[in-house]
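Peer 1: Below is the file final.txt, with compact mmCIF, C-alpha atoms.
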# COMPACT_ATOMS: atom_id res chain seq x y z
CA MET N 1 28.41 13.90 -13.71
CA SER N 2 31.66 12.77 -15.27
CA ILE N 3 32.86 9.20 -15.04
CA VAL N 4 35.57 10.24 -12.60
CA GLU N 5 33.01 11.97 -10.40
CA GLN N 6 30.74 8.95 -10.59
CA GLU N 7 33.60 6.72 -9.49
CA GLU N 8 34.51 9.06 -6.62
CA LEU N 9 30.92 8.98 -5.47
CA PHE N 10 31.04 5.18 -5.28
CA ILE N 11 34.40 5.17 -3.50
CA ILE N 12 33.17 7.62 -0.87
CA GLU N 13 29.98 5.61 -0.48
CA ALA N 14 32.04 2.46 0.07
CA LEU N 15 34.23 4.24 2.61
CA LEU N 16 31.17 5.50 4.49
CA PHE N 17 29.78 2.00 4.49
CA ALA N 18 32.94 0.40 5.89
CA SER N 19 34.19 3.10 8.24
CA PRO N 20 33.70 2.38 11.96
CA HIS N 21 34.24 6.10 12.72
CA PRO N 22 32.78 9.21 11.15
CA LEU N 23 34.59 9.72 7.82
CA THR N 24 36.56 12.96 7.62
CA GLN N 25 38.34 14.83 4.85
CA LYS N 26 41.57 13.86 6.62
CA HIS N 27 40.77 10.16 6.11
CA VAL N 28 39.98 10.79 2.46
CA ASN N 29 43.26 12.67 1.96
CA GLN N 30 45.16 9.71 3.37
CA ILE N 31 43.29 7.20 1.21
CA PHE N 32 43.58 8.99 -2.13
CA GLU N 33 47.19 9.17 -3.21
CA ASN N 34 46.67 12.26 -5.31
CA ASP N 35 43.82 14.59 -6.04
CA PRO N 36 41.53 13.64 -3.17
CA PRO N 37 37.91 14.62 -3.83
CA LYS N 38 36.27 17.27 -1.69
CA LEU N 39 34.34 15.18 0.79
CA ALA N 40 31.67 17.75 1.61
CA SER N 41 30.56 18.13 -2.00
CA VAL N 42 30.57 14.36 -2.65
CA ILE N 43 28.46 13.92 0.50
CA GLU N 44 25.97 16.49 -0.83
CA LYS N 45 25.58 14.48 -4.03
CA LEU N 46 25.17 11.26 -2.07
CA LYS N 47 22.54 12.84 0.15
CA GLU N 48 20.61 13.98 -2.93
CA LYS N 49 20.86 10.49 -4.35
CA TYR N 50 19.61 8.87 -1.13
CA ASN N 51 16.77 11.35 -0.86
CA SER N 52 15.55 10.64 -4.36
CA GLU N 53 15.93 6.87 -4.04
CA ASN N 54 14.45 6.49 -0.53
CA HIS N 55 16.67 4.39 1.66
CA ALA N 56 16.43 3.17 5.27
CA PHE N 57 19.68 4.95 6.05
CA GLU N 58 20.95 8.50 5.83
CA ILE N 59 24.18 10.44 6.15
CA GLN N 60 24.69 12.47 9.31
CA THR N 61 27.40 14.93 10.26
CA ILE N 62 28.93 13.58 13.44
CA ALA N 63 32.08 14.67 15.27
CA GLY N 64 33.42 16.61 12.31
CA GLY N 65 32.87 13.72 9.88
CA TYR N 66 30.16 11.85 8.07
CA GLN N 67 28.45 8.71 9.19
CA LEU N 68 25.84 6.35 7.79
CA ASN N 69 22.94 5.98 10.20
CA SER N 70 19.79 3.95 10.01
CA ARG N 71 16.70 6.14 9.94
CA PRO N 72 15.11 6.59 13.38
CA GLU N 73 11.76 5.03 12.37
CA TYR N 74 13.47 1.64 12.01
CA ASP N 75 15.23 1.65 15.38
CA ILE N 76 12.64 -0.69 16.90
CA TRP N 77 13.64 -3.42 14.41
CA ILE N 78 17.35 -2.91 14.89
CA ARG N 79 16.93 -3.04 18.67
CA ARG N 80 15.33 -6.44 18.26
CA LEU N 81 18.18 -7.58 16.04
CA LEU N 82 20.98 -6.34 18.32
CA ASN N 83 19.01 -7.04 21.47
CA LYS N 84 20.00 -3.72 23.00
CA SER N 85 18.99 -0.09 22.95
CA GLY N 86 21.32 2.51 21.56
CA LYS N 87 20.88 4.71 24.62
CA LEU N 88 23.83 5.89 26.62
CA TYR N 89 22.86 5.62 30.25
CA LEU N 90 24.55 8.03 32.65
CA SER N 91 23.76 8.89 36.26
CA THR N 92 22.48 12.37 37.08
CA ALA N 93 25.84 13.14 38.70
CA ALA N 94 27.68 12.06 35.54
CA LEU N 95 25.37 14.05 33.25
CA GLU N 96 25.70 17.19 35.37
CA SER N 97 29.49 16.96 35.45
CA LEU N 98 29.56 16.26 31.72
CA ALA N 99 27.37 19.31 31.11
CA VAL N 100 29.73 21.55 33.07
CA ILE N 101 32.73 20.20 31.16
CA ALA N 102 30.96 20.50 27.79
CA TYR N 103 30.13 24.18 28.34
CA LYS N 104 33.18 25.32 30.29
CA GLN N 105 35.94 23.27 28.69
CA PRO N 106 38.72 23.11 29.39
CA ALA N 107 37.57 22.84 33.00
CA ASN N 108 39.37 21.57 36.08
CA ARG N 109 37.82 19.50 38.85
CA PHE N 110 37.43 22.43 41.22
CA GLU N 111 35.38 24.44 38.74
CA ILE N 112 33.07 21.47 38.26
CA GLU N 113 32.80 20.88 42.00
CA SER N 114 32.14 24.51 42.82
CA ILE N 115 29.20 24.54 40.42
CA ARG N 116 27.74 21.24 41.57
CA GLY N 117 28.58 21.78 45.24
CA VAL N 118 29.73 18.19 45.66
CA ASP N 119 32.82 16.06 45.14
CA CYS N 120 33.19 14.90 41.53
CA SER N 121 36.33 12.75 41.47
CA GLY N 122 34.49 9.41 41.12
CA VAL N 123 32.25 10.74 38.38
CA LEU N 124 35.20 12.11 36.42
CA LYS N 125 36.80 8.68 36.50
CA THR N 126 33.63 7.14 35.06
CA LEU N 127 33.48 9.73 32.29
CA LEU N 128 37.16 9.18 31.47
CA ASN N 129 36.63 5.41 31.35
CA LYS N 130 33.69 5.84 28.99
CA ASN N 131 35.94 8.06 26.87
CA LEU N 132 33.38 10.88 26.94
CA ILE N 133 35.98 13.27 28.35
CA CYS N 134 39.75 13.42 28.13
CA ILE N 135 42.57 15.25 29.84
CA LYS N 136 43.44 18.37 27.89
CA GLY N 137 46.44 19.42 29.96
CA ARG N 138 47.11 21.16 33.23
CA ASP N 139 45.74 24.42 34.52
CA GLU N 140 47.94 27.24 35.70
CA GLY N 141 47.71 28.11 39.37
CA PRO N 142 47.96 26.21 42.64
CA GLY N 143 48.41 22.46 42.28
CA ARG N 144 48.25 22.76 38.50
CA PRO N 145 45.02 20.71 38.35
CA LEU N 146 44.18 18.59 35.30
CA LEU N 147 41.97 20.14 32.67
CA TYR N 148 39.16 18.14 31.12
CA GLY N 149 37.43 18.48 27.77
CA THR N 150 34.95 16.46 25.72
CA THR N 151 35.98 13.87 23.11
CA ASP N 152 34.78 12.84 19.65
CA ASP N 153 33.03 9.93 21.36
CA PHE N 154 31.06 12.53 23.32
CA LEU N 155 29.98 14.17 20.06
CA GLU N 156 29.04 10.80 18.64
CA ALA N 157 27.09 9.74 21.75
CA PHE N 158 25.02 12.91 21.64
CA GLY N 159 24.72 13.12 17.86
CA LEU N 160 26.67 16.34 17.45
CA GLY N 161 28.64 17.48 14.41
CA LYS N 162 30.83 19.76 16.51
CA ILE N 163 30.93 20.98 20.08
CA SER N 164 29.37 24.35 19.30
CA GLU N 165 26.17 22.53 18.32
CA ILE N 166 25.22 21.90 21.94
CA PRO N 167 22.27 24.11 22.81
CA LYS N 168 23.35 27.36 24.43
CA LEU N 169 22.71 27.58 28.14
CA LYS N 170 20.54 30.62 27.47
CA GLU N 171 18.39 28.69 25.04
CA ILE N 172 17.84 25.95 27.56
CA ALA N 173 16.81 28.49 30.18
CA ASP N 174 14.40 30.06 27.68
CA LEU N 175 12.81 26.71 27.04
CA THR N 176 12.43 25.71 30.66
CA ASP N 177 11.21 28.99 32.10
CA ASP N 178 11.02 32.67 31.37
CA GLU N 179 13.12 33.81 34.27
CA GLU N 180 15.24 36.78 33.42
CA LEU N 181 18.85 35.92 34.13
CA PRO N 182 21.21 38.63 35.28
CA ASN N 183 23.06 40.11 32.33
CA GLU N 184 26.44 38.67 33.22
CA MET N 185 25.02 35.18 32.92
CA GLN N 186 23.88 35.63 29.34
CA VAL N 187 27.37 35.81 27.97
CA ASP N 188 27.56 33.67 24.88
CA ILE N 189 30.20 31.14 25.75
CA PHE N 190 30.56 30.19 22.11
CA SER N 191 31.68 33.55 20.92
CA GLU N 192 34.65 33.51 18.54
CA GLY N 193 37.59 31.52 19.74
CA ALA N 194 36.00 30.32 22.94
CA VAL N 195 35.69 26.75 21.75
CA PRO N 196 38.41 24.58 20.26
CA GLU N 197 37.66 23.70 16.66
CA GLY N 198 37.43 20.05 15.63
CA ASP N 199 39.38 18.63 12.72
CA MET J 1 3.73 15.73 54.26
CA TYR J 2 6.00 14.12 51.76
CA LYS J 3 9.17 13.04 53.45
CA VAL J 4 12.30 14.42 51.83
CA GLN J 5 15.22 12.03 51.64
CA LEU J 6 18.76 13.22 51.24
CA GLU J 7 19.90 10.35 49.04
CA GLN J 8 17.68 11.43 46.18
CA PHE J 9 19.52 14.73 45.84
CA GLU J 10 22.75 15.35 44.01
CA GLY J 11 23.97 17.65 46.76
CA PRO J 12 23.02 20.60 48.96
CA LEU J 13 22.35 22.90 45.98
CA ASP J 14 20.00 20.34 44.48
CA LEU J 15 18.12 20.11 47.78
CA LEU J 16 17.76 23.90 48.01
CA LEU J 17 16.47 24.06 44.44
CA TYR J 18 13.94 21.42 45.37
CA PHE J 19 12.62 23.57 48.24
CA ILE J 20 12.46 26.62 45.95
CA LYS J 21 10.48 24.69 43.35
CA ARG J 22 8.22 22.94 45.87
CA ASP J 23 7.27 26.10 47.74
CA GLU J 24 7.28 28.24 44.60
CA LEU J 25 9.83 30.60 46.13
CA ASP J 26 11.38 33.50 44.30
CA ILE J 27 14.99 32.52 43.77
CA TYR J 28 16.02 36.20 43.89
CA ASP J 29 14.24 36.74 47.20
CA ILE J 30 14.67 33.50 49.15
CA PRO J 31 13.00 33.55 52.57
CA ILE J 32 16.22 32.50 54.26
CA SER J 33 14.86 31.55 57.66
CA GLN J 34 12.15 29.34 56.17
CA ILE J 35 14.53 27.55 53.81
CA THR J 36 17.16 27.16 56.55
CA ALA J 37 14.57 25.54 58.81
CA ASP J 38 13.49 23.12 56.05
CA TYR J 39 17.10 22.37 55.21
CA MET J 40 18.12 21.69 58.81
CA GLU J 41 15.11 19.47 59.39
CA THR J 42 15.92 17.40 56.31
CA ILE J 43 19.54 16.80 57.17
CA GLN J 44 18.74 16.08 60.80
CA THR J 45 16.03 13.53 60.05
CA SER J 46 17.89 11.76 57.30
CA LYS J 47 18.73 8.33 58.63
CA GLU J 48 21.53 7.35 56.37
CA VAL J 49 24.28 9.83 55.87
CA ASN J 50 26.78 9.20 53.17
CA ILE J 51 30.17 10.10 54.63
CA GLY J 52 31.28 11.44 51.26
CA THR J 53 28.48 13.98 50.98
CA ALA J 54 27.80 14.69 54.68
CA GLY J 55 30.50 17.37 54.79
CA GLU J 56 29.02 19.17 51.81
CA PHE J 57 25.54 19.21 53.36
CA ILE J 58 26.91 20.47 56.68
CA HIS J 59 28.96 23.14 54.93
CA MET J 60 25.80 24.44 53.28
CA ALA J 61 24.01 24.41 56.65
CA ALA J 62 26.75 26.65 58.03
CA THR J 63 26.48 28.95 55.00
CA LEU J 64 22.71 29.26 55.48
CA MET J 65 23.15 30.03 59.18
CA ARG J 66 25.70 32.70 58.40
CA ILE J 67 23.43 34.38 55.85
CA LYS J 68 20.55 34.22 58.31
CA SER J 69 22.57 35.84 61.08
CA LYS J 70 23.93 38.53 58.74
CA MET J 71 20.39 39.43 57.74
CA LEU J 72 19.38 39.81 61.37
CA LEU J 73 22.11 42.34 62.06
CA PRO J 74 21.01 45.95 61.80
CA LEU J 75 22.83 48.01 59.15
CA SER J 76 25.31 50.42 60.58
CA SER J 77 24.32 54.02 59.98
CA HIS J 78 27.39 55.08 58.01
CA ASP J 79 26.98 52.34 55.41
CA GLU J 80 26.06 53.75 52.05
CA GLU J 81 22.88 52.25 50.67
CA ASP J 82 24.64 51.24 47.42
CA ASP J 83 27.54 49.46 49.08
CA ILE J 84 25.40 46.97 50.87
CA GLU J 85 25.29 43.65 49.16
CA ASP J 86 22.45 41.31 49.95
CA PRO J 87 24.12 38.50 51.97
CA ARG J 88 22.05 36.03 49.95
CA LEU J 89 23.58 37.09 46.63
CA PRO J 90 26.55 34.68 46.48
CA LEU J 91 24.24 31.77 47.25
CA VAL J 92 21.68 32.95 44.68
CA ARG J 93 24.42 33.12 42.04
CA GLN J 94 25.57 29.65 42.95
CA LEU J 95 22.03 28.29 42.78
CA LEU J 96 21.34 29.91 39.40
CA ASP J 97 24.61 28.61 38.05
CA TYR J 98 23.91 25.11 39.25
CA LYS J 99 20.34 25.30 37.94
CA ARG J 100 21.57 26.17 34.45
CA TYR J 101 23.92 23.20 34.35
CA LYS J 102 21.30 20.89 35.82
CA GLU J 103 19.03 21.89 32.97
CA ALA J 104 21.89 21.48 30.51
CA ALA J 105 22.40 17.96 31.88
CA GLN J 106 18.74 17.22 31.22
CA SER J 107 19.02 18.48 27.68
CA LEU J 108 22.11 16.31 27.16
CA ASP J 109 20.06 13.36 28.33
CA SER J 110 17.32 14.09 25.82
CA MET J 111 19.96 14.45 23.11
CA ALA J 112 21.28 11.00 24.03
CA GLU J 113 17.70 9.75 23.84
CA ASN J 114 17.25 11.21 20.33
CA ARG J 115 20.56 9.78 19.27
CA SER J 116 19.60 6.32 20.50
CA HIS J 117 17.12 5.97 17.62
CA TYR J 118 19.96 6.06 15.11
CA PHE J 119 22.17 3.08 14.65
CA THR J 120 25.54 3.42 12.98
CA ARG J 121 27.70 0.89 11.30
CA GLY J 122 30.04 0.87 14.28
CA ASN J 123 29.12 -2.64 15.26
CA ILE J 124 31.40 -4.40 12.79
CA LYS J 125 33.52 -7.04 14.45
CA ASP J 126 37.09 -6.68 13.35
CA ILE J 127 38.02 -10.28 12.72
CA SER J 128 40.81 -9.51 10.29
CA SER J 129 42.80 -7.11 12.43
CA VAL J 130 44.98 -9.70 14.18
CA GLU J 131 46.32 -11.21 10.96
CA GLU J 132 46.86 -7.81 9.42
CA GLU J 133 48.91 -6.58 12.33
CA ALA J 134 51.04 -9.70 12.16
CA ALA J 135 51.49 -9.08 8.44
CA VAL J 136 52.67 -5.54 9.10
CA PHE J 137 55.00 -6.76 11.81
CA VAL J 138 56.89 -9.22 9.64
CA ARG J 139 57.00 -7.05 6.54
CA ASN J 140 60.57 -6.76 5.12
CA VAL J 141 61.90 -9.21 7.64
CA SER J 142 63.80 -12.27 6.43
CA LEU J 143 64.01 -15.62 8.10
CA PHE J 144 67.63 -14.85 8.90
CA ASP J 145 66.58 -11.69 10.76
CA ILE J 146 64.14 -13.65 12.85
CA ALA J 147 66.78 -16.28 13.63
CA THR J 148 69.24 -13.55 14.66
CA TYR J 149 66.69 -11.89 16.91
CA PHE J 150 65.86 -15.23 18.43
CA LYS J 151 69.52 -15.96 19.21
CA THR J 152 70.03 -12.50 20.74
CA ALA J 153 66.95 -12.94 22.83
CA MET J 154 68.09 -16.35 24.02
CA ASP J 155 71.59 -15.11 24.80
CA ASN J 156 70.28 -12.17 26.78
CA LYS J 157 67.80 -14.27 28.65
CA PRO J 158 68.13 -13.61 32.37
CA VAL J 159 69.94 -16.43 34.15
CA ILE J 160 67.84 -18.07 36.77
CA SER J 161 69.99 -19.83 39.33
CA ARG J 162 68.55 -22.80 41.07
CA TYR J 163 68.28 -23.42 44.74
CA GLU J 164 67.09 -26.77 45.84
CA LEU J 165 65.24 -27.00 49.05
CA HIS J 166 65.14 -30.29 50.90
CA ARG J 167 62.82 -31.12 53.64
CA GLU J 168 64.93 -31.75 56.73
CA PRO J 169 64.78 -35.43 57.67
CA MET J 170 64.58 -34.71 61.37
CA SER J 171 62.00 -33.06 63.55
CA ILE J 172 62.16 -31.51 67.01
CA ASP J 173 60.18 -34.43 68.42
CA ASP J 174 62.66 -36.96 66.96
CA GLN J 175 65.55 -35.02 68.38
CA LYS J 176 63.91 -34.81 71.80
CA ALA J 177 63.55 -38.59 71.90
CA LYS J 178 67.15 -39.03 70.75
CA LEU J 179 68.40 -36.56 73.34
CA LEU J 180 66.59 -38.37 76.14
CA ALA J 181 68.09 -41.66 74.95
CA PHE J 182 71.63 -40.22 75.22
CA VAL J 183 71.16 -39.50 78.91
CA ASP J 184 73.23 -41.96 81.00
CA GLY J 185 72.18 -43.93 84.06
CA ASP J 186 72.58 -41.00 86.45
CA GLY J 187 70.14 -38.98 84.45
CA ILE J 188 72.89 -36.66 83.31
CA LEU J 189 74.11 -35.74 79.82
CA ARG J 190 77.11 -33.53 79.42
CA PHE J 191 76.70 -30.81 76.81
CA SER J 192 80.15 -31.45 75.26
CA SER J 193 79.35 -35.10 74.66
CA LEU J 194 76.01 -34.15 73.09
CA ILE J 195 77.65 -31.73 70.66
CA GLU J 196 80.14 -34.37 69.55
CA ARG J 197 77.28 -36.43 68.26
CA LEU J 198 75.72 -33.69 66.15
CA ARG J 199 76.52 -33.85 62.47
CA ASP J 200 75.64 -30.47 60.94
CA LYS J 201 74.33 -26.98 61.55
CA VAL J 202 70.73 -27.96 61.00
CA GLU J 203 70.99 -30.75 63.53
CA ILE J 204 72.58 -28.35 66.09
CA VAL J 205 69.73 -25.89 65.61
CA ILE J 206 67.08 -28.56 65.97
CA THR J 207 68.81 -30.00 69.03
CA PHE J 208 68.89 -26.58 70.68
CA LEU J 209 65.18 -26.17 69.95
CA ALA J 210 64.59 -29.65 71.38
CA ILE J 211 66.48 -28.68 74.58
CA LEU J 212 64.46 -25.51 74.97
CA ASP J 213 61.26 -27.44 74.42
CA LEU J 214 62.20 -30.07 77.00
CA ILE J 215 62.94 -27.31 79.56
CA ARG J 216 59.54 -25.81 78.83
CA GLU J 217 57.94 -29.17 79.39
CA GLU J 218 59.89 -29.43 82.67
CA LYS J 219 61.54 -32.71 81.64
CA ILE J 220 65.13 -31.54 81.95
CA LEU J 221 67.24 -29.01 83.86
CA LEU J 222 70.38 -27.27 82.66
CA ILE J 223 73.07 -27.03 85.24
CA GLN J 224 76.31 -25.04 85.10
CA ASN J 225 78.36 -25.21 88.27
CA GLU J 226 80.97 -22.59 87.47
CA LEU J 227 81.54 -19.74 85.02
CA PHE J 228 82.39 -21.17 81.56
CA GLY J 229 82.12 -24.62 83.10
CA GLU J 230 80.58 -27.70 81.60
CA ILE J 231 76.85 -27.48 81.07
CA GLU J 232 75.03 -30.60 82.14
CA ILE J 233 71.60 -31.67 81.11
CA GLN J 234 69.83 -33.33 83.99
CA LEU J 235 66.74 -35.40 83.60
CA ILE J 236 63.98 -34.49 86.00
CA SER J 237 62.92 -37.87 87.26
CA GLU J 238 59.22 -38.45 87.24
CA LYS J 239 59.32 -39.69 90.78
CA ASN J 240 60.04 -36.20 92.13
Produce C-alpha cells that represent the structure in this file.
Peer 2:
Amino acid sequence: MSIVEQEELFIIEALLFASPHPLTQKHVNQIFENDPPKLASVIEKLKEKYNSENHAFEIQTIAGGYQLNSRPEYDIWIRRLLNKSGKLYLSTAALESLAVIAYKQPANRFEIESIRGVDCSGVLKTLLNKNLICIKGRDEGPGRPLLYGTTDDFLEAFGLGKISEIPKLKEIADLTDDEELPNEMQVDIFSEGAVPEGD
Amino acid sequence: MYKVQLEQFEGPLDLLLYFIKRDELDIYDIPISQITADYMETIQTSKEVNIGTAGEFIHMAATLMRIKSKMLLPLSSHDEEDDIEDPRLPLVRQLLDYKRYKEAAQSLDSMAENRSHYFTRGNIKDISSVEEEAAVFVRNVSLFDIATYFKTAMDNKPVISRYELHREPMSIDDQKAKLLAFVDGDGILRFSSLIERLRDKVEIVITFLAILDLIREEKILLIQNELFGEIEIQLISEKN
C-alpha cells in the first residue's frame, strides 16, 4: 500500500467514524477537492483490516452508503449505556402499510387500503412523521392521489443497503408455508427497472 | 369456545384469515356459508364498535352475503362451463394478497429486530452546529453592512398606532341615582332639560341605558302627550 493509499484509508476511516449518516461516494466526492478515492475499494481494505485486527465494530452497507456499527454481541452493554433498545416499534397497522408501500412503491393510499381492507390515512401520517416514507409525487387518474415511497431512514431502520434487498414476497411465502400461489402472483416485482435506484 | 374480539383484528380481511387458520380451511375452497355465519356472529356480538372500522366490517358482511347468495343460484343452462367464474374468486385473491403483505409486515418486524442489535454512531450530539451556522451567516459581511441592514429594518418597521382606552368614570347605577335626583317636586323630569345636563356621547348612552333600566324596574314612566311633543319622565310614586 502506498503512502497516499494509507492516508486515504485513514481519512475514510475518520469520515466513517464522524459521519452521522451512512457515508456515500457522493459525500467523498464533495470532501476531496480533486482525485477522490473510490470508496468501495477503500472500504474493502478497511474491512480486511478490521477482520484481521478484531474489533467490536464493523462496517455495514446501509442505505447506499457505509456505516460503522457495533457488533451485535455487544448490544446488551450498549443498551445499558444508552438506557434504550435500538428497536423501532411500529403497530401492526403501520407495519402492514409500510410493507405494502415498500413492495409496491410508488403506491397511493387507495392501493394500500384496497390491500388491507381498512382506512390507512392515520397510519400514513405516522409513517410520514417517522420519516420512514415520503411523498414521491402525484398519481395520474381521478383526484391525482399522492404517491408514497420509502426513505433512506427506512433502509437504515431495517438494516438494508438498498430497497431491492427486502426479501421477495415469494420468498416469504415459501418460508411460511408451501402453498402454491397462482402464477400471476409470483411476478418478481424487482425485475429490471421496477425499483428506483438509490444514489 | 374462545371468544373472538373485533378489536384484535386489523380489519375484516384479517378476521377472515383468522377463521381460515383456526378451522384449517382451504383458502381456495372456502366454505362460504360457514365462514359467513362465524363472521356475522363475531361482528354482532362485539360490544365495542369502532366507528372508523365499523363500515369496513359491514361492507365485508355484505360481500360475504352476496357471494353466498350467488352460490345458491342455479347455473343457467346456456352458460358455458368455462365462462363461469367462482363467485368466491375476487375475495380469495384479496385474501391471498393481504396475507402476503401481512407476512411481509412480519418479516419487516423481524428485520427491525435484527437491526436493533447494531448500534451506529448516529447518537452524536451536535453541540457545535449553532455557532457554525452563525459563522456561515456572517461570512463576508462587514459591520457597516449590518448597520445598514439594521437601519433598513428599523425604517421599515410597521407603525403601530396607539389607542388609549379609559375606563368610563360613570356607571349605569350612578346615572340612575343622578337621574332620580333631577326629578322635580311633581315627580316629573322633562327630557329636554335632562339632555341639557349631559356632557358627552358616553354620558348620553349611559343615561339612555339608565332610563331603560328604570322603566324595567317600574320606577319611572315615559309620557309623550302629542306627536313629536316633549317626552316627560314621570316617577312612579311608591305609594301607588
Peer 1: Using only C-alpha atoms and a cut-off of 6 Å, which residues of chain N sit close to chain J? Please list them as an NGL selection string.
Peer 2: :N and (20 or 68-70 or 72 or 75 or 86-87 or 95-96 or 99 or 115-116 or 118 or 158-159)
Peer 1: List the spatial neighbours of segment 139-156 of chain N as a VMD selection string - criterion: any atom at most 6 Å away, all atoms listed in the file, same-chain residues fewer than 5 positions off excluded.
Peer 2: chain N and resid 62 to 63 105 to 108 132 to 134
Peer 1: I'd like the interatomic distance between atom CA of Ser85 of chain N and atom CA of Ala102 of chain N, to a tenth of an Å.
Peer 2: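 If I compute the distance from atom CA of Ser85 of chain N to atom CA of Ala102 of chain N, I get 24.3 Å.
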Peer 1: Find the spatial neighbours of Lys45 of chain N, counting all atoms listed in the file, within a cut-off of 12 Å - ignore same-chain residues fewer than 3 positions away - and output them as a PyMOL selection string.
Peer 2: chain N and resi 1+5-6+8-10+12-13+38-42+48-52+59
Peer 1: Keeping only C-alpha atoms, write those residues as an mmCIF file, in the coordinates of the input.
Peer 2:
data_model
loop_
_atom_site.group_PDB
_atom_site.id
_atom_site.type_symbol
_atom_site.label_atom_id
_atom_site.label_comp_id
_atom_site.auth_asym_id
_atom_site.auth_seq_id
_atom_site.Cartn_x
_atom_site.Cartn_y
_atom_site.Cartn_z
ATOM 1 C CA MET N 1 28.410 13.900 -13.710
ATOM 2 C CA GLU N 5 33.010 11.970 -10.400
ATOM 3 C CA GLN N 6 30.740 8.950 -10.590
ATOM 4 C CA GLU N 8 34.510 9.060 -6.620
ATOM 5 C CA LEU N 9 30.920 8.980 -5.470
ATOM 6 C CA PHE N 10 31.040 5.180 -5.280
ATOM 7 C CA ILE N 12 33.170 7.620 -0.870
ATOM 8 C CA GLU N 13 29.980 5.610 -0.480
ATOM 9 C CA LYS N 38 36.270 17.270 -1.690
ATOM 10 C CA LEU N 39 34.340 15.180 0.790
ATOM 11 C CA ALA N 40 31.670 17.750 1.610
ATOM 12 C CA SER N 41 30.560 18.130 -2.000
ATOM 13 C CA VAL N 42 30.570 14.360 -2.650
ATOM 14 C CA GLU N 48 20.610 13.980 -2.930
ATOM 15 C CA LYS N 49 20.860 10.490 -4.350
ATOM 16 C CA TYR N 50 19.610 8.870 -1.130
ATOM 17 C CA ASN N 51 16.770 11.350 -0.860
ATOM 18 C CA SER N 52 15.550 10.640 -4.360
ATOM 19 C CA ILE N 59 24.180 10.440 6.150
#
Peer 1: For atom CA of Ser192 of chain J and atom CA of Gln234 of chain J, quote the distance in Å rounded to one decimal.
Peer 2: 13.6 Å
Peer 1: Could you put an axis-aligned box around every listed atom of segment 20-26 of chain J, padded by 3 Å on each side, and send me its centre and edge lengths in Å to one decimal, as lines of an AutoDock Vina configuration file?
Peer 2:
center_x = 9.9
center_y = 28.2
center_z = 45.5
size_x = 11.2
size_y = 16.6
size_z = 10.4
Peer 1: Pick from N:Ile166, N:Leu23, N:Ala93, N:Ile101: nearest to Gly117 of chain N, with all atoms listed in the file counted?
Peer 2: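 Closest residue, counting all atoms listed in the file: N:Ala93.
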Peer 1: If you measure from atom CA of Leu221 of chain J to atom CA of Ile195 of chain J, what distance in Å do you get, rounded to one decimal?
Peer 2: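 These two atoms are separated by 17.0 Å.
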Peer 1: Do you know which residues are at most 12 Å from Gly229 of chain J counting only C-alpha atoms, after dropping those on the same chain fewer than 3 positions away, and could you put them as a list in words?
Peer 2: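 What passes the distance filter is Arg190, Phe191, Ser192, Ile223, Gln224, Asn225, Glu226 and Glu232 of chain J.
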Peer 1: Can you pull out the residues contacting Lys125 of chain N? Cut-off 12 Å, using all atoms listed in the file, and skip same-chain residues under 2 positions away; I want them as a VMD selection string.
Peer 2: chain N and resid 94 97 to 98 109 120 to 123 127 to 135 148
